[in-house]
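**Student:** Okay, here's the structure, questions in a sec.
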Amino acid sequence: MRTTAYGSWPSPIDAALAAAHDGQPEWVGFVGDEVWWTEPRPAEGGRRALVRRTADGVEQPVLPGPWNVRSRVIEYGGRPWAAVPGDDGPLVVFTHFADQRLYRCEPGGEPRPLTPVSAVGGGLRWAEPQILPGRGEVWCVLEEFTGDGPGDVRRVLAAVPLDGSAAEDRTAVRELTDDSRRFVTGPRLAPDGRRAAWLAWDHPRMPWEGTELLVGEVGDDGVLHGVRPVAGGPEESVAQVEWSADGRLLYASDRSGWWNLYRDGRPLCPREEEFAGPLWKLGSRWFAPLDNGLIAVVHGRGAAVLGILDPESGEVVDVAGPWTEFASTVAVHGSRVVSVGASPRTGHEVVELDTRSGRARAIGSRHHDPVDPAYYPEPLIRVFTGPAGREVHAYVYPPHHPLHTAPDGEGPPYVVWAHGGPTGRVPLVLDLEIAYFTSRGIGVVEVNYGGSTGYGRAYRERLREQWGVVDVEDCAAVALALAEEGTADRDRLAIRGGSAGGWTTAVSLAGTDVYACGTIVYPVLDLTAWASGETHDFESRYLESLVGPLDEVPARYTDRSPTSHADRITAPFLLLQGLDDVICPPAQCERLLAGIEGRGVPHAYLAFEGEGHGFRRAGTLVRALEAELSLYAQVFGLDVPGIPELELRT
């Protein structure tokens with residue numbers, strides 16, 4: 001074991017390796033006996049590839065590049081594909097990211113468009129396709145822009161002809177519902193095909209605040225009639241709905257303070273844990289009923305695991321295996337269940353459970369250690385005490401190297417990671433970006449600050465009208481606690497985050513003296529502008545719950561915005577932004593930069609063409625990660641060889 005200063009340890013985990021493992025498989029499903037899913041391709045321009053696992057266990061792409069299977073509905077997207085088996089092979093319907101049209105494709109053929117291109121605003125977008133061969137249609141969510149503004153949009157349930165007759169004719173698309181609701185999820189047809197269920201909500205609520213579960217009758221005209229609410233409301237979030245094999249309604253509601261499962265209104269397994277999560281993407285699925293009456297569930301308090309629920313007894317048997325976290329994607333076929341699982345020692349992989357044998361195994365996107373696992377960090381699950389004695393959940397990743405240790409008495413630098421959302425949660429899984437830092441001697445702590453999901457409705461509502469306060473306080477409390485107990489060097493603390501985490505980072509730099517520097521990634525920085533049309537429709541009223549109504553508390557919007565207090569930022573920072581970002585547009589960054597101009601604050605601004613909200617291209621990921629490490633090296637006085645020096649201007 002060699003004794004070397006923190007931050008200078010040599011590591012085999014470089015930025016290119018971390019970038020190659022960025023992202024995870026999602027949107028799993030069965031096509032006959034085959035398992036399909038989408039997965040990232042950072043080296044192919046960041047596209048999402050649709051992949052199938054054939055009967056003989058071979059993984060192969062369904063579509064070659066540049067086909068990019070990804071929807072932009074509500075900007076965060078939704079389930080972008082569906083497929084059904086056929087005599088000559090499967091029929092596939094998918095959304096292509098570049099033009100957002102729906103396409104159909106058969107084996108050996110080229111994709112053919114099913115929907116037209118619209119020149120109005122953001123055009124026509126589609127999510128949650130469901131192929132109904134008997135009707136010759138695809139039922140899905142249609143998002144249609146009616147003007148050039150982000151709020152000029154309507155959403156309905158729609159039926160798209162499979163014969164391609166709507167490829168150039170918008171009038172050939174049948175609308176199944178009216179547009180009286182601002183947001184809808186895809187319809188779930190009852191086993192008899194005579195009823196459909198879906199979720200809906202309106203501004204100013206977000207789906208984790210209040211949604212309604214609607215049920216309608218499928219008329220002879222193929223339109224949904226007699227639509228009525230059966231659950232949910234302004235203060236109740238229904239996150240998912242399905243039908244059981246015998247035609248009963250299953251849904252996840254947080255009416256008890258936790259997202260629990262209900263069948264026809266009766267609780268199936270009342271527990272103080274979550275059986276669902278925030279609906280950031282249409283089609284997210286935390287449970288799926290099997291034909292035998294059992295239900296596959298992703299559930300937990302904090303970490304979410306895969307289990308099988310017996311609705312008659314209320315008992316849940318969890319999957320045995322190395323996976324400690326499962327994603328919000330589940331599919332079933334016969335006795336088989338598939339989802340996406342990961343752990344602190346494995347990346348996300350497609351996992352299949354045979355409910356008859358109880359055996360679970362990774363079958364797709366299987367994890368392969370790109371380096372010796374001895375370089376992976378060993379996380380600690382911690383609960384810290386925040387202001388007023390409130391609990392703050394966090395995952396601590398101390399510096400770790402199999403061959404190097406630091407000199408006695410030296411405290412390690414630490415970076416606080418603030419997650420996005422802010423209604424979200426960081427999973428406890430292997431992340432090579434974290435290992436990129438910890439293997440060099442820089443600690444990382446991920447904070448599930450008040451407002452995070454996974455700990456009940458009361459915990460996530462701590463952020464109500466307190467965004468920029470509770471999140472900042474909780475992150476600071478964790479950082480200072482680590483310093484006080486001797487885990488971290490008080491003088492070498494940093495903070496970083498993207499999107500809402502970028503907001504928390506910027507507010508922390510402007511409002512506290514806790515951190516020596518920070519990395520701000522595609523952030524919210526100007527609340528007034530963001531709430532006045534500078535973001536997309538889905539989140540355009542989000543701040544009413546996070547901050548308060550703009551017309552009632554305009555001063556609060558100004559007082560909390562980093563752009564209003566750029567003069568208070570004295571610590572060096574790195575600002576990273578995608579130029580195609582419509583959620584947190586570059587204009588927000590430009591205002592902050594104008595505010596610090598000439599103030600002598602060392603900083604760097606890297607803007608990336610072709611990147612939106614969330615970096616996906618390998619080159620971008622490498623440049624951003626190396627720049628972040630260079631910032632810490634310069635501020636903390638670290639000797640990090642082989643990293644391009646980030647130019648900090650003042």
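Naming works like this for the structure tokens: A, B, ... for the chains as they're shown, residue 1 at the start of each chain, ligands 1 onward in shown order.
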Report as a compact mmCIF listing (two decimals) with all heavy atoms, in the first residue's frame: the residues of stretch 514-573 of chain A with a DSSP assignment of strand (DSSP E), based on the backbone of this structure.

**Tutor:**
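Result file result_37.txt:
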# COMPACT_ATOMS: atom_id res chain seq x y z
N CYS A 517 -16.09 25.36 -4.00
CA CYS A 517 -16.37 25.50 -5.44
C CYS A 517 -17.59 24.66 -5.76
O CYS A 517 -18.12 23.94 -4.91
CB CYS A 517 -15.17 25.05 -6.29
SG CYS A 517 -14.70 23.33 -6.07
N GLY A 518 -18.04 24.75 -7.02
CA GLY A 518 -19.21 23.98 -7.42
C GLY A 518 -19.28 23.76 -8.92
O GLY A 518 -18.69 24.51 -9.70
N THR A 519 -20.01 22.72 -9.31
CA THR A 519 -20.26 22.42 -10.71
C THR A 519 -21.76 22.47 -10.95
O THR A 519 -22.51 21.68 -10.37
CB THR A 519 -19.71 21.02 -11.08
OG1 THR A 519 -18.30 21.00 -10.83
CG2 THR A 519 -19.97 20.71 -12.54
N ILE A 520 -22.17 23.39 -11.80
CA ILE A 520 -23.58 23.67 -12.06
C ILE A 520 -23.91 23.16 -13.46
O ILE A 520 -23.32 23.61 -14.45
CB ILE A 520 -23.86 25.19 -11.97
CG1 ILE A 520 -23.34 25.76 -10.64
CG2 ILE A 520 -25.34 25.48 -12.15
CD1 ILE A 520 -23.32 27.29 -10.60
N VAL A 521 -24.86 22.23 -13.56
CA VAL A 521 -25.13 21.56 -14.82
C VAL A 521 -26.57 21.80 -15.25
O VAL A 521 -27.50 21.56 -14.48
CB VAL A 521 -24.86 20.04 -14.70
CG1 VAL A 521 -24.91 19.38 -16.07
CG2 VAL A 521 -23.49 19.77 -14.04
N TYR A 522 -26.76 22.28 -16.49
CA TYR A 522 -28.07 22.67 -17.08
C TYR A 522 -29.09 23.03 -16.01
O TYR A 522 -30.09 22.36 -15.78
CB TYR A 522 -28.61 21.59 -18.04
CG TYR A 522 -28.37 20.14 -17.68
CD1 TYR A 522 -29.21 19.47 -16.79
CD2 TYR A 522 -27.33 19.43 -18.25
CE1 TYR A 522 -29.01 18.14 -16.47
CE2 TYR A 522 -27.12 18.10 -17.94
CZ TYR A 522 -27.97 17.46 -17.05
OH TYR A 522 -27.77 16.14 -16.74
N PRO A 523 -28.88 24.20 -15.35
CA PRO A 523 -29.63 24.54 -14.15
C PRO A 523 -30.85 25.43 -14.40
O PRO A 523 -31.01 26.06 -15.44
CB PRO A 523 -28.59 25.33 -13.36
CG PRO A 523 -27.85 26.08 -14.44
CD PRO A 523 -27.80 25.14 -15.63
N PHE A 573 -16.52 28.28 -9.96
CA PHE A 573 -17.53 27.32 -10.41
C PHE A 573 -17.36 26.99 -11.88
O PHE A 573 -16.77 27.76 -12.66
CB PHE A 573 -18.95 27.84 -10.14
CG PHE A 573 -19.34 29.05 -10.94
CD1 PHE A 573 -19.92 28.93 -12.20
CD2 PHE A 573 -19.16 30.33 -10.43
CE1 PHE A 573 -20.30 30.04 -12.93
CE2 PHE A 573 -19.52 31.46 -11.15
CZ PHE A 573 -20.10 31.31 -12.41

**Student:** Residues at most 12 Å from A:Trp208, counting only C-alpha atoms, excluding those fewer than 5 positions away in the same chain, as a PyMOL selection string?

**Tutor:** chain A and resi 199-202+232-240+252-255+257-259+276-281+421-424+451-454+456-457+460-461+542+545

**Student:** Which neighbours of A:Val416 fall inside 12 Å, counting only C-alpha atoms, when residues of the same chain fewer than 6 positions from it are skipped, and could you give them as an MDAnalysis selection string?

**Tutor:** chainID A and resid 394:398 434 437 442:449 471:472 474:483 488 492:497 501:502 504:505 508 514:520

**Student:** From the list A:Leu282, A:Gly347, A:Phe636, A:Ala566, which residue is nearest A:Glu433 when using only C-alpha atoms?

**Tutor:**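 Counting only C-alpha atoms, the residue closest to A:Glu433 is A:Gly347.
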
**Student:** Pick out the residues sitting within 8 Å of A:Thr558, and hand them over as a list of chain:residue names; count only C-alpha atoms, and ignore anything fewer than 6 positions along from it in its own chain.

**Tutor:** A:Asp526, A:Leu527, A:Thr528, A:Ser564

**Student:** Kindly indicate which residue among A:Asp318, A:Asp87, A:Glu349, A:Glu137 lies nearest to A:Ala172, using only C-alpha atoms for the distances.

**Tutor:**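 Distance minimum relative to A:Ala172 lands on A:Glu137.
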
**Student:** Can you tell me which residues surround A:Ile583 at a distance of at most 8 Å, considering only C-alpha atoms, apart from same-chain residues fewer than 5 positions away, and format the answer as a VMD selection string?

**Tutor:** chain A and resid 75 534 to 536 613

**Student:** Could you jot down the atom CA of A:Gly578 to atom CA of A:Ala500 separation for me, Å, one decimal place?

**Tutor:**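 A separation of 14.8 Å between them.
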
**Student:** Enumerate as a PyMOL selection string all residues of stretch 355-516 of chain A assigned to alpha helix (DSSP H) by DSSP on the backbone, naming them with the chain letters and numbers the document uses.

**Tutor:** chain A and resi 432-438+457-460+470-484+500-511

**Student:** Those same residues - C-alpha atoms - I'd like them written as an mmCIF file, in the first residue's frame.

**Tutor:**
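The resulting selection.cif:
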data_model
loop_
_atom_site.group_PDB
_atom_site.id
_atom_site.type_symbol
_atom_site.label_atom_id
_atom_site.label_comp_id
_atom_site.auth_asym_id
_atom_site.auth_seq_id
_atom_site.Cartn_x
_atom_site.Cartn_y
_atom_site.Cartn_z
ATOM 1 C CA LEU A 432 -18.601 4.955 -12.793
ATOM 2 C CA GLU A 433 -18.809 8.739 -12.640
ATOM 3 C CA ILE A 434 -18.706 8.448 -8.856
ATOM 4 C CA ALA A 435 -15.930 5.865 -9.092
ATOM 5 C CA TYR A 436 -14.048 8.280 -11.371
ATOM 6 C CA PHE A 437 -13.677 10.564 -8.350
ATOM 7 C CA THR A 438 -13.491 8.142 -5.429
ATOM 8 C CA ARG A 457 -45.536 11.963 0.878
ATOM 9 C CA ALA A 458 -44.730 13.965 4.007
ATOM 10 C CA TYR A 459 -40.996 13.748 3.279
ATOM 11 C CA ARG A 460 -41.371 14.913 -0.314
ATOM 12 C CA VAL A 470 -34.773 22.937 2.533
ATOM 13 C CA ASP A 471 -32.678 21.360 -0.239
ATOM 14 C CA VAL A 472 -29.835 23.805 0.376
ATOM 15 C CA GLU A 473 -30.005 23.355 4.153
ATOM 16 C CA ASP A 474 -30.072 19.568 3.952
ATOM 17 C CA CYS A 475 -27.083 19.398 1.602
ATOM 18 C CA ALA A 476 -25.146 21.791 3.819
ATOM 19 C CA ALA A 477 -26.057 19.822 6.946
ATOM 20 C CA VAL A 478 -24.680 16.635 5.414
ATOM 21 C CA ALA A 479 -21.489 18.315 4.196
ATOM 22 C CA LEU A 480 -20.790 19.985 7.544
ATOM 23 C CA ALA A 481 -21.575 16.810 9.481
ATOM 24 C CA LEU A 482 -19.023 14.903 7.406
ATOM 25 C CA ALA A 483 -16.471 17.609 8.121
ATOM 26 C CA GLU A 484 -17.239 17.748 11.839
ATOM 27 C CA ALA A 500 -32.923 21.044 -10.156
ATOM 28 C CA GLY A 501 -29.632 19.880 -8.646
ATOM 29 C CA GLY A 502 -27.959 22.660 -10.619
ATOM 30 C CA TRP A 503 -30.359 25.081 -8.948
ATOM 31 C CA THR A 504 -29.469 23.737 -5.500
ATOM 32 C CA THR A 505 -25.781 24.042 -6.353
ATOM 33 C CA ALA A 506 -26.078 27.639 -7.554
ATOM 34 C CA VAL A 507 -28.232 28.713 -4.590
ATOM 35 C CA SER A 508 -25.772 27.030 -2.237
ATOM 36 C CA LEU A 509 -22.858 28.954 -3.735
ATOM 37 C CA ALA A 510 -24.798 32.229 -3.565
ATOM 38 C CA GLY A 511 -26.269 31.720 -0.113
#

**Student:** Extract, using only C-alpha atoms, all DNA, RNA and protein residues at most 12 Å from A:Pro554, discarding same-chain residues fewer than 2 positions from it, and format them as a PyMOL selection string.

**Tutor:** chain A and resi 527-529+531-532+543-544+547-552+556-561

**Student:** Report, in Å with one decimal, the straight-line distance from atom CA of A:Val215 to atom CA of A:Val92.

**Tutor:** 27.5 Å
